[in-house]
$ cat structure_9.tsv   # TSV, C-alpha atoms and all ligand atoms
chain	number	residue	atom	x	y	z
A	230	MET	CA	-24.80	124.68	7.20
A	231	ASN	CA	-23.14	124.48	3.75
A	232	ILE	CA	-21.26	121.25	2.96
A	233	LYS	CA	-18.62	121.19	0.19
A	234	LEU	CA	-19.04	118.19	-2.11
A	235	LEU	CA	-16.55	116.67	-4.53
A	236	LYS	CA	-17.94	114.28	-7.14
A	237	CYS	CA	-15.22	111.86	-8.20
A	238	HIS	CA	-14.73	108.39	-9.65
A	239	GLY	CA	-12.38	105.45	-9.81
A	240	SER	CA	-12.88	103.39	-12.98
A	241	GLY	CA	-16.40	104.81	-13.40
A	242	ASN	CA	-17.43	103.79	-9.85
A	243	ASP	CA	-18.61	107.23	-8.73
A	244	PHE	CA	-18.73	108.82	-5.30
A	245	VAL	CA	-19.48	112.01	-3.43
A	246	LEU	CA	-16.56	112.93	-1.17
A	247	ILE	CA	-17.02	115.04	1.97
A	248	ASP	CA	-13.92	116.43	3.71
A	249	GLU	CA	-14.45	116.55	7.48
A	250	ILE	CA	-10.77	117.39	8.13
A	251	SER	CA	-10.76	120.89	6.63
A	252	ASN	CA	-14.33	121.59	7.83
A	253	ASP	CA	-15.81	120.23	11.02
A	254	TYR	CA	-19.45	120.04	9.98
A	255	GLY	CA	-20.39	118.16	13.19
A	256	ILE	CA	-22.20	115.46	11.17
A	257	ASP	CA	-23.94	112.99	13.53
A	258	GLU	CA	-24.71	109.39	12.50
A	259	ALA	CA	-28.37	110.07	11.65
A	260	LEU	CA	-27.44	112.98	9.37
A	261	ARG	CA	-24.59	110.93	7.87
A	262	VAL	CA	-26.96	108.19	6.70
A	263	LYS	CA	-29.41	110.80	5.35
A	264	LEU	CA	-26.58	112.44	3.41
A	265	VAL	CA	-25.68	109.04	1.95
A	266	THR	CA	-29.16	108.06	0.81
A	267	GLU	CA	-30.15	111.55	-0.44
A	268	LEU	CA	-26.90	112.35	-2.26
A	269	SER	CA	-26.47	108.93	-3.86
A	270	ASP	CA	-30.05	108.72	-5.19
A	271	ARG	CA	-29.66	109.29	-8.96
A	272	GLY	CA	-33.17	110.80	-9.15
A	273	LYS	CA	-32.42	113.52	-6.59
A	274	LEU	CA	-29.62	115.97	-5.83
A	275	ILE	CA	-26.45	114.34	-7.27
A	276	GLY	CA	-26.38	110.52	-7.68
A	277	SER	CA	-23.49	108.16	-6.93
A	278	ASP	CA	-22.44	104.62	-5.99
A	279	GLY	CA	-21.69	105.72	-2.43
A	280	LEU	CA	-20.26	108.38	-0.13
A	281	LEU	CA	-16.68	108.86	1.04
A	282	PHE	CA	-16.14	110.70	4.32
A	283	VAL	CA	-12.55	111.89	4.88
A	284	GLN	CA	-11.80	112.32	8.59
A	285	ARG	CA	-8.86	112.87	10.92
A	286	SER	CA	-7.03	109.73	12.05
A	287	GLU	CA	-5.16	109.20	15.32
A	288	HIS	CA	-2.33	107.27	13.63
A	289	ALA	CA	-2.63	107.52	9.81
A	290	ASP	CA	-2.68	110.50	7.41
A	291	ALA	CA	-6.50	110.36	7.34
A	292	ARG	CA	-9.40	108.02	7.90
A	293	MET	CA	-11.99	106.96	5.30
A	294	ARG	CA	-15.54	105.91	6.09
A	295	PHE	CA	-17.37	104.46	3.09
A	296	PHE	CA	-21.14	104.05	2.77
A	297	ASN	CA	-23.10	102.18	0.07
A	298	THR	CA	-26.13	103.87	-1.53
A	299	ASP	CA	-28.54	101.98	0.77
A	300	GLY	CA	-26.89	103.61	3.81
A	301	SER	CA	-24.89	100.53	4.91
A	302	GLU	CA	-21.26	101.09	5.89
A	303	ALA	CA	-18.71	98.80	4.17
A	304	GLU	CA	-15.31	97.62	5.40
A	305	MET	CA	-13.51	98.96	2.33
A	306	CYS	CA	-13.90	100.52	-1.09
A	307	GLY	CA	-10.96	100.02	-3.46
A	308	ASN	CA	-11.98	102.58	-6.09
A	309	GLY	CA	-13.09	105.05	-3.43
A	310	VAL	CA	-9.90	104.82	-1.39
A	311	ARG	CA	-7.89	105.84	-4.50
A	312	CYS	CA	-9.98	109.04	-4.62
A	313	VAL	CA	-9.44	109.57	-0.89
A	314	GLY	CA	-5.71	108.86	-1.37
A	315	ARG	CA	-5.47	111.53	-4.08
A	316	TYR	CA	-7.50	113.99	-2.01
A	317	VAL	CA	-5.32	113.55	1.08
A	318	CYS	CA	-2.07	113.63	-0.98
A	319	GLU	CA	-3.18	117.00	-2.41
A	320	LEU	CA	-4.33	118.28	1.00
A	321	LEU	CA	-1.00	117.41	2.67
A	322	GLY	CA	1.27	118.03	-0.35
A	323	LYS	CA	2.51	114.42	-0.36
A	324	ASP	CA	2.96	111.68	-2.98
A	325	GLU	CA	2.09	108.84	-0.64
A	326	VAL	CA	-0.22	108.52	2.32
A	327	VAL	CA	-1.70	105.91	4.64
A	328	ILE	CA	-5.47	105.87	4.99
A	329	GLU	CA	-7.16	104.25	7.97
A	330	THR	CA	-10.22	102.20	6.98
A	331	MET	CA	-12.61	100.09	9.08
A	332	LYS	CA	-10.37	97.01	9.24
A	333	ARG	CA	-6.92	97.96	7.93
A	334	ASP	CA	-4.58	100.81	7.18
A	335	ILE	CA	-4.14	101.24	3.42
A	336	PRO	CA	-0.91	102.63	1.89
A	337	ILE	CA	-1.53	104.62	-1.31
A	338	ARG	CA	0.98	106.27	-3.61
A	339	ARG	CA	0.89	108.30	-6.80
A	340	VAL	CA	2.39	106.33	-9.70
A	341	ALA	CA	2.93	106.75	-13.46
A	342	ASP	CA	-0.29	107.64	-15.30
A	343	LEU	CA	-2.26	104.63	-16.55
A	344	PHE	CA	-3.20	106.71	-19.60
A	345	PRO	CA	-1.81	110.13	-20.56
A	346	ASN	CA	-2.81	112.73	-17.93
A	347	VAL	CA	-5.06	110.38	-15.96
A	348	PRO	CA	-4.01	110.75	-12.27
A	349	THR	CA	-3.14	107.23	-11.12
A	350	PHE	CA	-2.69	105.75	-7.66
A	351	ASP	CA	-1.38	102.39	-6.42
A	352	VAL	CA	-3.36	101.07	-3.45
A	353	THR	CA	-2.00	98.24	-1.31
A	354	ILE	CA	-5.31	96.47	-0.78
A	355	GLY	CA	-3.50	93.73	1.18
A	356	GLU	CA	-4.18	90.07	1.84
A	357	PRO	CA	-7.40	88.31	0.94
A	358	SER	CA	-8.78	85.57	3.19
A	359	LEU	CA	-10.27	82.35	1.87
A	360	ALA	CA	-11.74	81.36	5.26
A	361	ILE	CA	-15.51	81.32	4.80
A	362	ALA	CA	-16.04	82.74	8.32
A	363	SER	CA	-14.29	85.94	7.15
A	364	LEU	CA	-17.11	86.82	4.70
A	365	PRO	CA	-19.17	85.24	6.40
A	366	MET	CA	-20.51	82.41	4.18
A	367	ILE	CA	-22.47	79.25	4.93
A	368	SER	CA	-20.93	76.35	2.99
A	369	SER	CA	-19.92	72.74	3.59
A	370	ALA	CA	-16.57	73.57	1.93
A	371	ASP	CA	-14.00	75.74	3.68
A	372	PRO	CA	-12.40	77.29	1.68
A	373	HIS	CA	-15.09	77.43	-1.01
A	374	ILE	CA	-12.98	77.37	-4.17
A	375	ASP	CA	-14.44	76.95	-7.66
A	376	ARG	CA	-17.52	75.08	-6.44
A	377	PRO	CA	-21.23	75.46	-7.09
A	378	ILE	CA	-23.60	77.18	-4.66
A	379	GLU	CA	-26.67	75.01	-5.19
A	380	GLU	CA	-29.04	77.55	-3.60
A	381	LEU	CA	-28.06	80.15	-6.21
A	382	SER	CA	-27.23	78.42	-9.49
A	383	PRO	CA	-27.06	74.83	-10.78
A	384	THR	CA	-24.20	75.65	-13.17
A	385	LEU	CA	-21.97	78.49	-11.96
A	386	ARG	CA	-18.91	77.72	-9.82
A	387	PHE	CA	-17.95	80.33	-7.24
A	388	THR	CA	-14.86	81.13	-5.21
A	389	ALA	CA	-15.42	83.04	-1.96
A	390	ALA	CA	-12.87	85.48	-0.49
A	391	SER	CA	-12.88	88.56	1.73
A	392	ILE	CA	-10.53	91.47	1.07
A	393	PRO	CA	-11.66	92.41	3.75
A	394	ASN	CA	-15.24	92.95	2.46
A	395	PRO	CA	-17.04	89.82	1.19
A	396	HIS	CA	-16.75	88.65	-2.43
A	397	ALA	CA	-17.94	85.68	-4.49
A	398	ILE	CA	-16.47	85.27	-7.95
A	399	ALA	CA	-17.59	83.05	-10.85
A	400	VAL	CA	-15.76	82.60	-14.15
A	401	VAL	CA	-18.17	83.00	-17.10
A	402	ASP	CA	-18.04	83.12	-20.92
A	403	THR	CA	-20.76	85.70	-21.48
A	404	PHE	CA	-22.65	88.19	-19.35
A	405	GLU	CA	-26.36	87.30	-19.44
A	406	PRO	CA	-29.17	89.08	-17.50
A	407	GLU	CA	-29.67	86.00	-15.26
A	408	LEU	CA	-26.33	86.77	-13.54
A	409	VAL	CA	-27.88	89.93	-12.12
A	410	ASP	CA	-30.87	87.93	-10.81
A	411	ILE	CA	-28.53	85.48	-9.04
A	412	ALA	CA	-26.54	88.26	-7.37
A	413	GLU	CA	-29.69	90.15	-6.44
A	414	ARG	CA	-31.19	87.00	-4.86
A	415	ALA	CA	-28.00	86.23	-2.91
A	416	ASN	CA	-28.21	89.69	-1.36
A	417	ARG	CA	-31.98	89.62	-0.77
A	418	GLU	CA	-32.27	86.12	0.75
A	419	ARG	CA	-28.94	86.09	2.63
A	420	THR	CA	-29.15	82.33	3.31
A	421	VAL	CA	-25.61	81.70	2.00
A	422	PHE	CA	-24.06	85.08	2.76
A	423	PRO	CA	-25.66	86.33	6.01
A	424	ARG	CA	-24.20	89.85	5.64
A	425	GLY	CA	-24.62	90.02	1.86
A	426	VAL	CA	-21.93	89.71	-0.78
A	427	ASN	CA	-20.31	91.55	-3.65
A	428	MET	CA	-20.78	89.11	-6.53
A	429	SER	CA	-18.47	89.27	-9.55
A	430	PHE	CA	-18.52	87.58	-12.91
A	431	LEU	CA	-15.13	87.26	-14.53
A	432	LYS	CA	-14.28	86.53	-18.15
A	433	VAL	CA	-10.73	85.57	-19.04
A	434	LEU	CA	-9.84	87.52	-22.22
A	435	GLU	CA	-6.30	86.19	-22.48
A	436	ARG	CA	-3.57	85.33	-19.99
A	437	ASN	CA	-3.30	88.18	-17.47
A	438	SER	CA	-6.22	90.06	-19.03
A	439	VAL	CA	-9.76	89.74	-17.66
A	440	PHE	CA	-13.12	91.55	-17.70
A	441	VAL	CA	-14.97	91.84	-14.37
A	442	LEU	CA	-18.62	92.79	-13.80
A	443	THR	CA	-19.75	93.23	-10.20
A	444	TYR	CA	-23.08	93.38	-8.45
A	445	GLU	CA	-22.18	95.38	-5.35
A	446	ARG	CA	-23.78	94.67	-2.01
A	447	GLY	CA	-25.88	97.68	-1.00
A	448	VAL	CA	-25.78	99.17	-4.51
A	449	GLY	CA	-26.38	96.80	-7.48
A	450	ILE	CA	-24.48	96.56	-10.76
A	451	THR	CA	-21.84	99.30	-10.92
A	452	ASN	CA	-19.34	100.32	-13.61
A	453	SER	CA	-16.63	98.64	-11.54
A	454	CYS	CA	-15.73	97.65	-7.99
A	455	GLY	CA	-12.12	98.00	-6.86
A	456	THR	CA	-12.10	95.37	-4.12
A	457	ALA	CA	-13.93	93.00	-6.52
A	458	MET	CA	-11.26	93.53	-9.21
A	459	SER	CA	-8.58	92.89	-6.56
A	460	ALA	CA	-10.32	89.74	-5.29
A	461	SER	CA	-10.97	88.59	-8.89
A	462	SER	CA	-7.28	89.01	-9.79
A	463	PHE	CA	-6.31	86.95	-6.75
A	464	VAL	CA	-8.87	84.25	-7.70
A	465	SER	CA	-7.62	84.32	-11.33
A	466	CYS	CA	-4.12	83.48	-10.03
A	467	LEU	CA	-5.51	80.82	-7.66
A	468	LEU	CA	-7.37	79.13	-10.55
A	469	GLY	CA	-4.39	79.40	-12.91
A	470	HIS	CA	-5.83	81.95	-15.39
A	471	CYS	CA	-3.34	84.68	-14.47
A	472	ASP	CA	0.15	84.94	-13.02
A	473	PRO	CA	1.30	86.46	-9.76
A	474	ASN	CA	3.84	89.30	-9.75
A	475	VAL	CA	2.92	90.63	-13.20
A	476	PRO	CA	0.35	93.36	-13.93
A	477	ILE	CA	-3.08	91.89	-14.66
A	478	LYS	CA	-5.21	94.09	-16.93
A	479	VAL	CA	-8.69	94.23	-15.47
A	480	TYR	CA	-11.26	95.71	-17.87
A	481	ASN	CA	-14.66	96.78	-16.61
A	482	LYS	CA	-17.73	98.74	-17.74
A	483	GLY	CA	-16.12	102.00	-16.61
A	484	GLY	CA	-12.58	101.57	-17.99
A	485	MET	CA	-9.65	99.48	-16.81
A	486	VAL	CA	-7.18	99.10	-13.95
A	487	ASN	CA	-4.08	97.03	-13.33
A	488	CYS	CA	-3.90	94.60	-10.43
A	489	LEU	CA	-0.78	92.94	-9.10
A	490	VAL	CA	-0.94	89.82	-6.96
A	491	ASP	CA	2.25	89.69	-4.94
A	492	GLY	CA	2.98	86.11	-3.85
A	493	ASP	CA	3.92	82.58	-4.92
A	494	ALA	CA	1.68	79.65	-5.90
A	495	GLU	CA	1.72	77.91	-2.48
A	496	GLY	CA	1.14	81.18	-0.64
A	497	ILE	CA	-1.73	82.10	-2.97
A	498	ALA	CA	-3.39	78.73	-2.23
A	499	ARG	CA	-3.36	79.74	1.45
A	500	GLY	CA	-4.55	83.28	0.69
A	501	GLU	CA	-1.10	84.65	1.48
A	502	ALA	CA	-0.64	87.28	-1.19
A	503	SER	CA	-0.77	91.04	-1.15
A	504	VAL	CA	-2.94	92.58	-3.84
A	505	HIS	CA	-2.27	95.98	-5.40
A	506	LEU	CA	-4.96	97.95	-7.24
A	507	ILE	CA	-3.60	100.55	-9.67
A	508	GLY	CA	-6.04	102.92	-11.33
A	509	ASN	CA	-7.38	106.41	-11.82
A	510	ALA	CA	-8.74	108.89	-9.29
A	511	THR	CA	-10.67	111.45	-11.31
A	512	TRP	CA	-12.44	114.62	-10.17
A	513	VAL	CA	-15.78	115.18	-11.93
A	514	PHE	CA	-17.12	118.39	-10.36
A	515	GLU	CA	-17.34	120.28	-7.08
A	516	THR	CA	-20.34	122.01	-5.58
A	517	THR	CA	-21.99	122.92	-2.27
A	518	LEU	CA	-24.97	121.43	-0.46
A	519	ALA	CA	-27.10	123.80	1.59
A	520	VAL	CA	-28.50	121.97	4.66
A	521	PRO	CA	-30.82	124.41	6.49
A	522	SER	CA	-32.23	121.63	8.70
A	523	ALA	CA	-32.20	117.84	9.07
A	524	ASP	CA	-35.18	117.60	6.70
A	525	PRO	CA	-33.77	116.68	3.25
A	526	SER	CA	-36.77	118.19	1.42
A	527	GLY	CA	-35.18	121.62	2.07
A	528	TRP	CA	-31.68	120.68	0.87
A	529	THR	CA	-30.37	122.32	-2.32
A	530	VAL	CA	-27.21	121.88	-4.38
A	531	GLY	CA	-25.39	124.92	-5.78
A	532	GLU	CA	-23.68	125.43	-9.13
A	533	ARG	CA	-21.35	122.71	-10.33
A	534	THR	CA	-17.77	123.51	-11.34
A	535	TYR	CA	-16.58	120.76	-13.67
A	536	PHE	CA	-13.00	119.52	-14.01
A	537	GLU	CA	-13.39	119.51	-17.79
A	538	GLU	CA	-9.81	118.76	-18.80
A	539	GLU	CA	-9.37	115.70	-16.58
A	540	ASN	CA	-12.78	114.36	-17.60
A	541	ARG	CA	-11.75	114.68	-21.28
A	542	GLN	CA	-8.53	112.78	-20.52
A	543	TYR	CA	-10.48	109.98	-18.83
A	544	ASP	CA	-12.83	109.80	-21.85
A	545	GLY	CA	-9.65	109.12	-23.86
A	546	LEU	CA	-8.90	106.09	-21.65
A	547	VAL	CA	-12.45	104.78	-22.12
A	548	ALA	CA	-12.19	105.21	-25.91
A	549	SER	CA	-8.88	103.35	-25.95
A	550	VAL	CA	-10.42	100.48	-23.92
A	551	GLY	CA	-13.22	100.35	-26.52
A	552	ARG	CA	-10.58	99.82	-29.22
A	553	GLU	CA	-8.81	97.09	-27.19
A	554	ILE	CA	-11.78	94.87	-26.28
A	555	ASP	CA	-14.84	93.80	-28.24
A	556	LEU	CA	-17.31	94.22	-25.37
A	557	ALA	CA	-20.38	93.56	-27.52
A	558	SER	CA	-19.17	90.05	-28.32
A	559	PHE	CA	-19.58	88.82	-24.72
A	560	TYR	CA	-21.52	91.49	-22.78
A	561	LYS	CA	-25.24	90.84	-23.29
A	562	LEU	CA	-26.67	92.90	-20.42
A	601	LIG	N1	-17.14	99.99	-4.86
A	601	LIG	C1	-16.32	99.48	-3.85
A	601	LIG	C2	-16.86	98.52	-2.87
A	601	LIG	C3	-17.91	99.18	-2.03
A	601	LIG	C4	-18.37	98.34	-0.89
A	601	LIG	C5	-19.18	97.17	-1.29
A	601	LIG	N2	-20.38	97.52	-2.01
A	601	LIG	C6	-19.53	96.38	-0.02
A	601	LIG	O1	-20.62	96.54	0.53
A	601	LIG	O2	-18.66	95.62	0.42
A	601	LIG	C7	-14.93	99.16	-4.30
A	601	LIG	O3	-14.47	99.83	-5.23
A	601	LIG	O4	-14.26	98.31	-3.70
$ encode --input "structure_9.tsv" --output "structure tokens" --more "lines below"
Ligand SMILES: N[C@@H](CCC[C@H](N)C(=O)O)C(=O)O
Amino acid sequence: MNIKLLKCHGSGNDFVLIDEISNDYGIDEALRVKLVTELSDRGKLIGSDGLLFVQRSEHADARMRFFNTDGSEAEMCGNGVRCVGRYVCELLGKDEVVIETMKRDIPIRRVADLFPNVPTFDVTIGEPSLAIASLPMISSADPHIDRPIEELSPTLRFTAASIPNPHAIAVVDTFEPELVDIAERANRERTVFPRGVNMSFLKVLERNSVFVLTYERGVGITNSCGTAMSASSFVSCLLGHCDPNVPIKVYNKGGMVNCLVDGDAEGIARGEASVHLIGNATWVFETTLAVPSADPSGWTVGERTYFEEENRQYDGLVASVGREIDLASFYKL
């Protein structure tokens, strides 16, 4: 069988997208996990932060299944669902669609470009939960807001939230290599977060402007993580660093997005706020994977057709971010 692949990214968080609506490849679960691990390995056929499978839905415009590079399936992927939203909008000739994901239906609509000619989509990520059982997390505090996690660090203070995948967020001044060790240990030992955690480090640049670095569960450090930027914006409002109902500029290693936390102060304290994630969905290249058998050693990838113009436009966004923030002054990794 030949499988069409679309390499795409949201804020530099890159994915391989497989459309199972237009082509019924008959992918079973064993092959699905092999496709994930083989195609996301950066030393092999393509390389990515995960795979996006676009499938038919019984009640929404389409369904997304998202897999991390280690083959684990996650509840949601904020950057990935923007790419799926764009793909399904183009497939159905619509400007807005609803995408079914593991735990919620996600409305997505095309909005004004974040940067000239950078296709931009607004995703209603929805409500976060501060209940530690929703991650799950083991802690004597429920909710766990701006408190240490002794097992992981004597100094950092974390806030835990699910959106609906699990996140822990610490506000920092600089990004030192030890942050990666802490996040890696949290995901290896799993004493505090039994199902692992996406761990983010957030620096407040100015009011309503933050930089977020995320160690993603099942992947490692990525250029950005959409659900982490959404959870971090919510936590920034909860801790008083940012305001609800105004766009929060969230810079990251791969570019920037805007987040909007819809709610009031009392509601936010209870986790009652709807978070919007507004950012790019960019096509990198398309190609075909030849799968003669289930044995990946015989798989080959065909020629790549690059979307040169839209990649150039996205490079323009990255260059403009470089002029807006002095990354070197606080990013030591
Ligand atoms: N990159 C994603 C999040 C992907 C899932 C995450 N690693 C998890 O396991 O929860 C995003 O953009 O949200």
$ atom_distance --input "structure_9.tsv" --atom1 "CA of Phe514 in chain A" --atom2 "CA of Glu539 in chain A"
10.3 Å
$ residues_around --input "structure_9.tsv" --residues "Val401 in chain A" --least-positions-apart "6" --cutoff "7 Å" --atoms "only C-alpha atoms" --output "ChimeraX atom specification"
/A:430-432
$ closest_residue --input "structure_9.tsv" --among "A:Ala460, A:Ile275, A:Val283, A:Ala389" --to "ligand LIG 601 (chain A)" --atoms "only C-alpha atoms and all ligand atoms"
A:Ala460
$ residues_near_ligand --input "structure_9.tsv" --ligand "ligand LIG 601 (chain A)" --cutoff "8 Å" --atoms "only C-alpha atoms and all ligand atoms" --output "VMD selection string"
chain A and resid 239 242 278 to 279 295 to 297 301 to 310 394 to 396 425 to 427 445 to 448 451 453 to 458
$ atom_distance --input "structure_9.tsv" --atom1 "CA of Arg271 in chain A" --atom2 "CA of Gly531 in chain A"
16.5 Å
$ residues_around --input "structure_9.tsv" --residues "range 350-367 of chain A" --least-positions-apart "2" --cutoff "9 Å" --atoms "all atoms listed in the file" --output "MDAnalysis selection string"
chainID A and resid 307 310:312 314:315 333 335:343 348 369:374 388:396 420:426 456 459:460 463 498:510
$ atom_distance --input "structure_9.tsv" --atom1 "CA of Leu556 in chain A" --atom2 "CA of Phe440 in chain A"
9.1 Å
$ closest_residue --input "structure_9.tsv" --among "A:Val439, A:Cys471, A:Cys237, A:Met485" --to "Ala548 in chain A" --atoms "all atoms listed in the file"
A:Met485
$ residues_around --input "structure_9.tsv" --residues "range 407-416 of chain A" --least-positions-apart "2" --cutoff "6 Å" --atoms "all atoms listed in the file" --output "number ranges by chain"
A: 405, 418-419, 425, 428
$ write_last_selection --input "structure_9.tsv" --atoms "C-alpha atoms" --output "PDB file, keeping the file's coordinate frame"
ATOM      1  CA  GLU A 405     -26.360  87.300 -19.440  1.00  0.00           C
ATOM      2  CA  GLU A 418     -32.270  86.120   0.750  1.00  0.00           C
ATOM      3  CA  ARG A 419     -28.940  86.090   2.630  1.00  0.00           C
ATOM      4  CA  GLY A 425     -24.620  90.020   1.860  1.00  0.00           C
ATOM      5  CA  MET A 428     -20.780  89.110  -6.530  1.00  0.00           C
TER       6      MET A 428
END
$ closest_residue --input "structure_9.tsv" --among "A:Arg541, A:Arg417, A:His470, A:Arg386" --to "Glu435 in chain A" --atoms "all atoms listed in the file"
A:His470
$ closest_residue --input "structure_9.tsv" --among "A:Ser461, A:Gln284, A:Asn346, A:Thr330" --to "Ile250 in chain A" --atoms "all atoms listed in the file"
A:Gln284
$ residues_near_point --input "structure_9.tsv" --point "(0.7, 98.9, -17.1)" --cutoff "8 Å" --atoms "only C-alpha atoms" --output "list in words"
Leu343, Pro476, Lys478 and Asn487 of chain A
$ closest_residue --input "structure_9.tsv" --among "A:Ser277, A:Val490, A:Trp512, A:Arg376" --to "Gly449 in chain A" --atoms "only C-alpha atoms"
A:Ser277
$ closest_residue --input "structure_9.tsv" --among "A:Arg261, A:Ala557, A:Lys323, A:Leu268" --to "Val530 in chain A" --atoms "all atoms listed in the file"
A:Leu268
$ residues_near_point --input "structure_9.tsv" --point "(-27.4, 108.5, 6.6)" --cutoff "12 Å" --atoms "all atoms listed in the file" --output "PyMOL selection string"
chain A and resi 256-269+279-280+282+295-302+523-525
$ axis_aligned_box --input "structure_9.tsv" --around "range 483-499 of chain A" --padding-each-side "3 Å" --output "JSON"
{"center_x": -6.1, "center_y": 90.0, "center_z": -8.3, "size_x": 26.0, "size_y": 30.1, "size_z": 25.4}
$ build_atoms --input "structure_9.tsv" --residues "range 440-446 of chain A" --atoms "all heavy atoms" --output "CSV table (one decimal), in the frame of the given file"
chain,number,residue,atom,x,y,z
A,440,PHE,N,-12.1,90.6,-17.8
A,440,PHE,CA,-13.1,91.6,-17.7
A,440,PHE,C,-13.9,91.2,-16.5
A,440,PHE,O,-14.3,90.0,-16.3
A,440,PHE,CB,-14.0,91.5,-18.9
A,440,PHE,CG,-15.1,92.6,-18.9
A,440,PHE,CD1,-15.0,93.8,-19.4
A,440,PHE,CD2,-16.3,92.3,-18.3
A,440,PHE,CE1,-16.0,94.8,-19.4
A,440,PHE,CE2,-17.4,93.2,-18.2
A,440,PHE,CZ,-17.2,94.5,-18.8
A,441,VAL,N,-14.2,92.1,-15.6
A,441,VAL,CA,-15.0,91.8,-14.4
A,441,VAL,C,-16.2,92.7,-14.3
A,441,VAL,O,-16.1,93.9,-14.4
A,441,VAL,CB,-14.1,92.1,-13.1
A,441,VAL,CG1,-14.9,91.9,-11.8
A,441,VAL,CG2,-12.9,91.1,-13.1
A,442,LEU,N,-17.3,92.1,-14.0
A,442,LEU,CA,-18.6,92.8,-13.8
A,442,LEU,C,-19.0,92.5,-12.4
A,442,LEU,O,-19.1,91.3,-12.0
A,442,LEU,CB,-19.7,92.3,-14.8
A,442,LEU,CG,-21.1,92.8,-14.5
A,442,LEU,CD1,-21.2,94.3,-15.0
A,442,LEU,CD2,-22.2,92.0,-15.2
A,443,THR,N,-19.4,93.5,-11.6
A,443,THR,CA,-19.8,93.2,-10.2
A,443,THR,C,-21.1,93.8,-9.8
A,443,THR,O,-21.5,94.9,-10.2
A,443,THR,CB,-18.7,93.9,-9.3
A,443,THR,OG1,-17.4,93.4,-9.6
A,443,THR,CG2,-19.0,93.6,-7.8
A,444,TYR,N,-21.9,92.9,-9.1
A,444,TYR,CA,-23.1,93.4,-8.4
A,444,TYR,C,-22.6,93.7,-7.0
A,444,TYR,O,-22.2,92.8,-6.3
A,444,TYR,CB,-24.1,92.3,-8.5
A,444,TYR,CG,-25.4,92.6,-7.8
A,444,TYR,CD1,-26.6,93.0,-8.5
A,444,TYR,CD2,-25.5,92.7,-6.4
A,444,TYR,CE1,-27.8,93.4,-7.9
A,444,TYR,CE2,-26.7,93.0,-5.8
A,444,TYR,CZ,-27.8,93.4,-6.5
A,444,TYR,OH,-29.0,93.7,-5.9
A,445,GLU,N,-22.7,95.0,-6.7
A,445,GLU,CA,-22.2,95.4,-5.4
A,445,GLU,C,-23.3,95.3,-4.3
A,445,GLU,O,-24.4,95.8,-4.5
A,445,GLU,CB,-21.7,96.8,-5.4
A,445,GLU,CG,-20.3,97.0,-6.0
A,445,GLU,CD,-19.7,98.3,-5.8
A,445,GLU,OE1,-19.8,98.9,-4.7
A,445,GLU,OE2,-19.2,98.9,-6.7
A,446,ARG,N,-22.9,94.7,-3.2
A,446,ARG,CA,-23.8,94.7,-2.0
A,446,ARG,C,-24.2,96.1,-1.7
A,446,ARG,O,-23.3,97.0,-1.7
A,446,ARG,CB,-23.0,94.1,-0.9
A,446,ARG,CG,-23.6,94.1,0.5
A,446,ARG,CD,-22.8,93.5,1.5
A,446,ARG,NE,-21.5,94.3,1.8
A,446,ARG,CZ,-20.8,94.1,2.9
A,446,ARG,NH1,-21.1,93.1,3.8
A,446,ARG,NH2,-19.7,94.8,3.1
